[in-house]
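> I am sharing work00.tsv, which consists of TSV, C-alpha atoms and all ligand atoms:
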```
chain	number	residue	atom	x	y	z
A	9	MET	CA	10.17	81.14	38.81
A	10	ARG	CA	9.47	83.89	36.30
A	11	ALA	CA	9.03	83.00	32.66
A	12	HIS	CA	11.34	85.82	31.59
A	13	GLN	CA	14.50	86.69	33.47
A	14	ILE	CA	15.53	90.25	32.66
A	15	ASP	CA	19.05	91.55	33.25
A	16	ARG	CA	19.20	93.74	36.36
A	17	PRO	CA	20.48	97.24	35.50
A	18	ALA	CA	23.79	97.78	37.33
A	19	ASP	CA	22.63	101.20	38.60
A	20	LEU	CA	19.12	100.18	39.67
A	21	ASP	CA	19.64	100.89	43.40
A	22	VAL	CA	21.18	104.29	42.69
A	23	VAL	CA	18.29	105.17	40.36
A	24	ARG	CA	15.76	104.06	42.99
A	25	GLU	CA	17.44	106.14	45.73
A	26	SER	CA	17.52	109.14	43.40
A	27	TYR	CA	13.79	108.93	42.63
A	28	ASP	CA	13.11	108.45	46.35
A	29	ARG	CA	14.94	111.74	46.98
A	30	VAL	CA	13.02	113.70	44.32
A	31	ALA	CA	9.62	112.05	44.85
A	32	ASP	CA	8.12	114.74	47.12
A	33	ASN	CA	9.32	117.61	44.89
A	34	TYR	CA	8.17	115.77	41.77
A	35	ALA	CA	4.65	115.29	43.17
A	36	HIS	CA	4.59	118.93	44.25
A	37	MET	CA	5.72	120.14	40.81
A	38	VAL	CA	3.08	118.06	39.03
A	39	ALA	CA	0.45	119.67	41.26
A	40	THR	CA	1.75	123.24	41.00
A	41	THR	CA	3.50	123.66	37.64
A	42	GLY	CA	1.58	121.27	35.40
A	43	MET	CA	4.75	119.27	34.63
A	44	GLY	CA	3.66	115.68	34.02
A	45	ASP	CA	-0.01	116.60	34.27
A	46	ILE	CA	-1.63	115.40	31.05
A	47	ARG	CA	-4.72	117.52	31.69
A	48	ARG	CA	-2.60	120.60	30.95
A	49	HIS	CA	-1.02	119.19	27.77
A	50	PRO	CA	-3.65	118.66	25.05
A	51	TRP	CA	-1.55	116.34	22.86
A	52	LEU	CA	-0.47	114.15	25.76
A	53	LYS	CA	-4.04	114.02	27.03
A	54	ALA	CA	-5.29	113.17	23.53
A	55	SER	CA	-2.78	110.31	23.34
A	56	ILE	CA	-3.79	108.92	26.72
A	57	ASP	CA	-7.47	109.34	25.83
A	58	ALA	CA	-6.98	107.39	22.58
A	59	PHE	CA	-5.19	104.66	24.55
A	60	ALA	CA	-7.99	104.59	27.16
A	61	ASP	CA	-10.69	104.40	24.47
A	62	THR	CA	-8.83	101.52	22.82
A	63	VAL	CA	-8.19	99.36	25.89
A	64	SER	CA	-11.26	100.13	28.00
A	65	GLU	CA	-12.93	96.80	27.25
A	66	LEU	CA	-9.79	94.67	27.02
A	67	GLY	CA	-8.92	93.96	30.64
A	68	PRO	CA	-6.50	95.15	33.32
A	69	VAL	CA	-4.10	98.00	32.58
A	70	LEU	CA	-0.70	98.43	34.24
A	71	ASP	CA	1.01	101.84	34.53
A	72	VAL	CA	4.70	100.92	34.83
A	73	GLY	CA	6.80	103.70	36.39
A	74	CYS	CA	3.65	105.47	37.53
A	75	GLY	CA	5.46	107.95	39.82
A	76	PRO	CA	2.89	109.81	41.95
A	77	GLY	CA	0.08	108.15	40.01
A	78	THR	CA	-1.26	111.10	38.01
A	79	VAL	CA	-1.99	109.08	34.87
A	80	THR	CA	-3.07	105.99	36.83
A	81	ALA	CA	-5.70	108.08	38.61
A	82	TYR	CA	-6.80	109.71	35.36
A	83	LEU	CA	-7.37	106.30	33.78
A	84	ALA	CA	-9.18	105.04	36.89
A	85	GLU	CA	-11.46	108.07	36.71
A	86	ARG	CA	-12.22	107.09	33.13
A	87	GLY	CA	-13.41	103.71	34.42
A	88	LEU	CA	-10.40	101.55	33.53
A	89	ASP	CA	-9.28	98.65	35.72
A	90	VAL	CA	-5.83	100.16	36.24
A	91	SER	CA	-3.02	99.84	38.76
A	92	GLY	CA	0.36	101.51	39.05
A	93	VAL	CA	3.82	100.20	39.86
A	94	ASP	CA	7.05	102.11	40.42
A	95	LEU	CA	10.67	101.45	41.32
A	96	SER	CA	10.65	104.13	44.04
A	97	PRO	CA	8.90	103.40	47.35
A	98	ARG	CA	8.65	107.14	48.04
A	99	MET	CA	6.93	107.76	44.69
A	100	ILE	CA	4.43	105.05	45.65
A	101	GLU	CA	3.88	106.64	49.08
A	102	ASN	CA	2.99	109.86	47.26
A	103	ALA	CA	0.74	108.02	44.81
A	104	ARG	CA	-1.15	106.32	47.66
A	105	ARG	CA	-1.50	109.61	49.55
A	106	LEU	CA	-2.73	111.53	46.50
A	107	HIS	CA	-4.93	108.78	45.03
A	108	PRO	CA	-6.08	106.50	47.86
A	109	GLU	CA	-8.78	105.06	45.59
A	110	CYS	CA	-6.14	103.48	43.28
A	111	ARG	CA	-3.94	100.37	43.61
A	112	PHE	CA	-0.16	100.85	43.63
A	113	SER	CA	2.85	98.65	44.31
A	114	VAL	CA	6.65	98.88	44.31
A	115	SER	CA	8.67	97.03	41.70
A	116	SER	CA	11.19	97.62	38.98
A	117	ALA	CA	9.98	97.12	35.41
A	118	THR	CA	12.77	94.54	35.25
A	119	ASP	CA	11.30	92.47	38.12
A	120	LEU	CA	7.65	92.30	37.10
A	121	ASP	CA	6.00	88.91	37.13
A	122	LEU	CA	3.35	89.29	34.42
A	123	GLY	CA	1.25	86.42	33.13
A	124	GLU	CA	1.12	85.84	29.39
A	125	ALA	CA	-1.83	87.63	27.73
A	126	SER	CA	-3.01	88.92	31.10
A	127	LEU	CA	-3.27	92.66	30.35
A	128	GLY	CA	-5.39	94.82	28.08
A	129	GLY	CA	-2.92	97.69	28.28
A	130	VAL	CA	0.52	98.69	29.52
A	131	LEU	CA	2.00	102.15	29.96
A	132	GLY	CA	5.64	103.14	30.13
A	133	TRP	CA	4.90	106.84	30.46
A	134	TRP	CA	8.21	108.70	30.71
A	135	SER	CA	9.50	105.84	32.86
A	136	LEU	CA	11.62	103.65	30.57
A	137	PHE	CA	14.42	106.08	29.68
A	138	ASN	CA	16.59	105.04	32.63
A	139	LEU	CA	16.74	101.45	31.38
A	140	PRO	CA	20.11	100.65	29.79
A	141	ARG	CA	19.97	100.28	26.02
A	142	ASP	CA	20.39	96.49	26.20
A	143	VAL	CA	17.74	96.09	28.92
A	144	LEU	CA	14.92	98.10	27.33
A	145	PRO	CA	14.30	95.48	24.57
A	146	GLN	CA	13.93	92.80	27.26
A	147	VAL	CA	11.32	94.87	29.10
A	148	LEU	CA	9.46	95.59	25.86
A	149	ALA	CA	9.39	91.85	25.11
A	150	LEU	CA	7.95	91.23	28.59
A	151	PHE	CA	5.22	93.81	27.93
A	152	ALA	CA	4.44	92.34	24.50
A	153	ARG	CA	4.04	88.88	26.00
A	154	ALA	CA	1.87	90.19	28.85
A	155	LEU	CA	-0.59	91.88	26.50
A	156	LYS	CA	-3.62	90.07	25.22
A	157	PRO	CA	-3.88	89.93	21.43
A	158	GLY	CA	-5.29	93.35	20.52
A	159	GLY	CA	-3.96	94.83	23.79
A	160	HIS	CA	-2.08	98.12	23.57
A	161	PHE	CA	1.15	99.63	24.89
A	162	ILE	CA	1.71	103.37	25.17
A	163	THR	CA	5.00	105.01	25.96
A	164	GLY	CA	6.52	108.47	25.97
A	165	THR	CA	10.20	109.22	26.06
A	166	HIS	CA	12.94	111.79	25.46
A	167	VAL	CA	14.29	112.20	21.94
A	168	GLY	CA	18.00	112.46	21.17
A	169	ASP	CA	21.17	110.45	20.82
A	170	GLU	CA	22.87	110.93	24.18
A	171	ASP	CA	23.14	108.94	27.36
A	172	ALA	CA	22.79	112.05	29.52
A	173	LEU	CA	24.01	111.79	33.11
A	174	ARG	CA	21.67	113.71	35.39
A	175	THR	CA	23.11	114.93	38.69
A	176	GLU	CA	20.25	117.12	39.88
A	177	ALA	CA	16.56	117.19	39.14
A	178	TYR	CA	13.18	118.63	40.07
A	179	GLY	CA	14.20	121.65	42.10
A	180	GLY	CA	17.93	121.05	42.49
A	181	VAL	CA	17.75	117.73	44.34
A	182	PRO	CA	20.98	115.71	43.92
A	183	VAL	CA	20.35	112.58	41.82
A	184	ARG	CA	22.36	110.14	39.79
A	185	TRP	CA	20.74	108.54	36.78
A	186	THR	CA	21.29	108.28	33.05
A	187	THR	CA	18.63	109.39	30.61
A	188	HIS	CA	19.00	107.20	27.55
A	189	LYS	CA	17.50	109.23	24.72
A	190	TRP	CA	16.23	107.61	21.55
A	191	GLN	CA	15.58	108.73	18.02
A	192	PRO	CA	11.90	108.05	17.24
A	193	GLU	CA	12.80	105.65	14.39
A	194	GLN	CA	15.10	103.58	16.65
A	195	PHE	CA	12.54	103.58	19.42
A	196	VAL	CA	9.74	102.42	17.12
A	197	ASP	CA	12.04	99.73	15.67
A	198	LEU	CA	12.68	98.36	19.17
A	199	ILE	CA	8.96	98.21	19.87
A	200	GLU	CA	8.37	96.36	16.61
A	201	GLN	CA	11.23	93.95	17.31
A	202	ALA	CA	9.54	93.14	20.63
A	203	GLY	CA	6.56	91.85	18.66
A	204	LEU	CA	4.26	94.86	18.80
A	205	ARG	CA	2.73	96.69	15.84
A	206	PRO	CA	3.03	100.49	16.08
A	207	VAL	CA	-0.30	102.22	15.52
A	208	ALA	CA	0.46	105.87	16.28
A	209	GLU	CA	3.37	108.21	16.90
A	210	VAL	CA	3.22	111.79	18.20
A	211	ARG	CA	6.38	113.90	18.06
A	212	LEU	CA	6.54	116.80	20.48
A	213	PRO	CA	8.91	119.78	20.33
A	214	PRO	CA	10.80	120.99	23.42
A	215	ASN	CA	8.72	122.75	26.06
A	216	GLU	CA	9.43	124.55	29.34
A	217	HIS	CA	9.88	121.24	31.18
A	218	SER	CA	11.79	119.05	28.72
A	219	GLY	CA	13.53	118.64	25.39
A	220	PRO	CA	11.90	117.01	22.36
A	221	SER	CA	9.95	113.85	23.03
A	222	VAL	CA	7.90	111.19	21.33
A	223	VAL	CA	4.79	109.19	22.23
A	224	VAL	CA	4.28	105.80	20.60
A	225	MET	CA	1.27	103.51	20.80
A	226	ALA	CA	1.52	99.90	19.63
A	227	GLU	CA	-0.63	96.77	19.77
A	228	ARG	CA	-0.04	93.09	20.19
A	229	PRO	CA	-1.26	91.68	16.89
A	230	ALA	CA	-4.40	89.54	17.19
B	301	LIG	C1	9.78	111.14	35.11
B	301	LIG	S1	9.01	110.06	36.26
B	301	LIG	C2	7.46	109.73	35.44
B	301	LIG	C3	6.41	109.30	36.40
B	301	LIG	C4	4.99	109.15	35.81
B	301	LIG	N1	4.93	108.15	34.76
B	301	LIG	C5	4.49	110.48	35.31
B	301	LIG	O1	4.26	110.61	34.11
B	301	LIG	O2	4.35	111.41	36.13
B	301	LIG	C6	9.91	108.55	36.01
B	301	LIG	C7	9.41	107.42	36.93
B	301	LIG	O3	9.94	106.19	36.46
B	301	LIG	C8	10.27	105.41	37.59
B	301	LIG	N2	11.26	104.40	37.18
B	301	LIG	C9	12.55	104.59	36.77
B	301	LIG	N3	13.13	103.40	36.51
B	301	LIG	C10	12.18	102.45	36.75
B	301	LIG	C11	12.18	101.03	36.68
B	301	LIG	N4	13.27	100.32	36.33
B	301	LIG	N5	11.04	100.38	37.01
B	301	LIG	C12	9.93	101.04	37.40
B	301	LIG	N6	9.88	102.39	37.49
B	301	LIG	C13	10.99	103.09	37.17
B	301	LIG	C14	10.81	106.43	38.59
B	301	LIG	O4	10.84	105.94	39.91
B	301	LIG	C15	9.84	107.58	38.38
B	301	LIG	O5	8.73	107.51	39.23
```
What would you get if you wrote out this structure as structure tokens?

Amino acid sequence: MRAHQIDRPADLDVVRESYDRVADNYAHMVATTGMGDIRRHPWLKASIDAFADTVSELGPVLDVGCGPGTVTAYLAERGLDVSGVDLSPRMIENARRLHPECRFSVSSATDLDLGEASLGGVLGWWSLFNLPRDVLPQVLALFARALKPGGHFITGTHVGDEDALRTEAYGGVPVRWTTHKWQPEQFVDLIEQAGLRPVAEVRLPPNEHSGPSVVVMAERPA
């Protein structure tokens, strides 16, 4: 019995099938275009490096919505005790193929069974925007509880006001998911309401791959 029961998003199966369909193209685009590759984006890399420096001695790190495992593998290379989890089995197949040295598993962020104060760090790296607006706070509360005091959460997401229905993605593959965009202030408020203390915020303008976005890092107070 899990300590926290989180509402299951009504469209979870459709979202999973959609990411399964785009998983191979997504992994290919990360490798060939630099999309999603932090090494090619200095401010994203700097944010992940700051996170890694902060949590390196704090215990296990979980990359939630890890996709093909690019960031998971980067953190593992930096010596962190990190594993990745993703809703899409096909994303995880790609992650295991590309990074056989890392640990990956399949689960929705809404189904995770995380022990209290068991993690030094959690990532929700461009992977929480499909969660309905009333479900995201529940997932953030789960993360806050799972972090050790002093543990850190880092997240990046799309900025805006819309619930944008996406019908094709990553090379014209048919998908069906909603991108729930957030204004940075609202997003930071939610993180604070979950019991975390924001420590840094990086706002990024649109680029060739996406609209404006924001990265937030927050800690569980000691
Ligand atoms: C845009 S990709 C980002 C992947 C990876 N974090 C990266 O930066 O390359 C979004 C990922 O979030 C995953 N995802 C979406 N909803 C999820 C959920 N409820 N639980 C876990 N993963 C989810 C998708 O399967 C997909 O792999």
> Could you tell me how far CA of Pro76 (chain A) sits from atom C2 of ligand LIG 301 (chain B), in Å to one decimal place?
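Separation between atom C2 of ligand LIG 301 (chain B) and CA of Pro76 (chain A): 8.0 Å.
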> Could you build a table of the residues in chain A lying no more than 9 Å from ligand LIG 301 (chain B), giving for each the nearest pair of atoms and their separation in Å rounded to one decimal place, using all atoms listed in the file, ordered by chain and ascending residue number, as CSV?

```
residue,atom,partner,partner_atom,distance
A:Arg16,CA,B:LIG301,N4,8.9
A:Pro17,CA,B:LIG301,N4,7.9
A:Leu20,CA,B:LIG301,N4,6.7
A:Val23,CA,B:LIG301,N3,6.7
A:Arg24,CA,B:LIG301,O4,6.1
A:Glu25,CA,B:LIG301,O4,8.8
A:Ser26,CA,B:LIG301,O4,8.2
A:Tyr27,CA,B:LIG301,O4,5.0
A:Asp28,CA,B:LIG301,O4,7.3
A:Ala31,CA,B:LIG301,O5,7.3
A:Tyr34,CA,B:LIG301,S1,8.0
A:Ala35,CA,B:LIG301,O2,8.0
A:Val38,CA,B:LIG301,O2,7.4
A:Met43,CA,B:LIG301,O2,8.0
A:Gly44,CA,B:LIG301,O2,4.8
A:Asp45,CA,B:LIG301,O2,7.0
A:Ile46,CA,B:LIG301,O1,8.2
A:Asp71,CA,B:LIG301,N1,7.4
A:Val72,CA,B:LIG301,C12,5.8
A:Gly73,CA,B:LIG301,N6,3.5
A:Cys74,CA,B:LIG301,N1,4.1
A:Gly75,CA,B:LIG301,O5,3.4
A:Pro76,CA,B:LIG301,O2,6.2
A:Gly77,CA,B:LIG301,C4,6.5
A:Thr78,CA,B:LIG301,O2,5.9
A:Val79,CA,B:LIG301,O1,6.5
A:Thr80,CA,B:LIG301,N1,8.5
A:Val93,CA,B:LIG301,C12,6.6
A:Asp94,CA,B:LIG301,N6,4.1
A:Leu95,CA,B:LIG301,C12,4.0
A:Ser96,CA,B:LIG301,O4,4.5
A:Pro97,CA,B:LIG301,O4,8.1
A:Arg98,CA,B:LIG301,O4,8.5
A:Met99,CA,B:LIG301,O5,5.8
A:Ile100,CA,B:LIG301,O5,8.1
A:Val114,CA,B:LIG301,C12,7.9
A:Ser115,CA,B:LIG301,C12,6.0
A:Ser116,CA,B:LIG301,N5,3.4
A:Ala117,CA,B:LIG301,N5,3.8
A:Thr118,CA,B:LIG301,N4,5.9
A:Asp119,CA,B:LIG301,N5,8.0
A:Leu120,CA,B:LIG301,N5,8.8
A:Leu131,CA,B:LIG301,N1,8.2
A:Gly132,CA,B:LIG301,N1,6.9
A:Trp133,CA,B:LIG301,N1,4.5
A:Trp134,CA,B:LIG301,C2,4.9
A:Ser135,CA,B:LIG301,O3,3.6
A:Leu136,CA,B:LIG301,N3,6.1
A:Phe137,CA,B:LIG301,N3,7.4
A:Asn138,CA,B:LIG301,N3,5.5
A:Leu139,CA,B:LIG301,N4,6.1
A:Gly164,CA,B:LIG301,O1,8.7
```
> Compare A:Tyr82, A:Asp21, A:Val183, A:Gly42 by their minimum atom-to-atom distance to His217 (chain A), counting only C-alpha atoms, and give me the closest one.
A:Gly42
> One decimal, Å: what's the distance from CA of Ala84 (chain A) over to CA of Ile56 (chain A), could you say?
12.1 Å
> Could you work out how far CA of Trp185 (chain A) lies from CA of Val69 (chain A), giving the answer in Å with one decimal?
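Interatomic distance, CA of Val69 (chain A) to CA of Trp185 (chain A): 27.3 Å.
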> Considering all atoms listed in the file, can you say which of A:Leu106, A:Leu122, A:Gly129, A:Pro50 comes closest to Asp89 (chain A)?
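Ranked by minimum distance to Asp89 (chain A), first place goes to A:Gly129.
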> Hey, can I get the axis-aligned box for region 140-156 of chain A? All listed atoms, 8 Å padding on each side, centre and edge lengths in Å to one decimal, as AutoDock Vina command-line options.

```
--center_x 8.4 --center_y 94.8 --center_z 27.1 --size_x 40.0 --size_y 27.8 --size_z 21.3
```
> For a cutoff of 12 Å around the file-coordinate point (5.0, 96.4, 17.1), which residues qualify once you count only C-alpha atoms? I'd like the result as a ChimeraX atom specification.
/A:145,148-149,151-153,155,157-162,195-209,224-230
> Check the smallest atom-to-atom distance from each of A:Phe59, A:Leu70, A:Arg86, A:Glu109 to Asp121 (chain A) using all atoms listed in the file, then report the winner.
A:Leu70
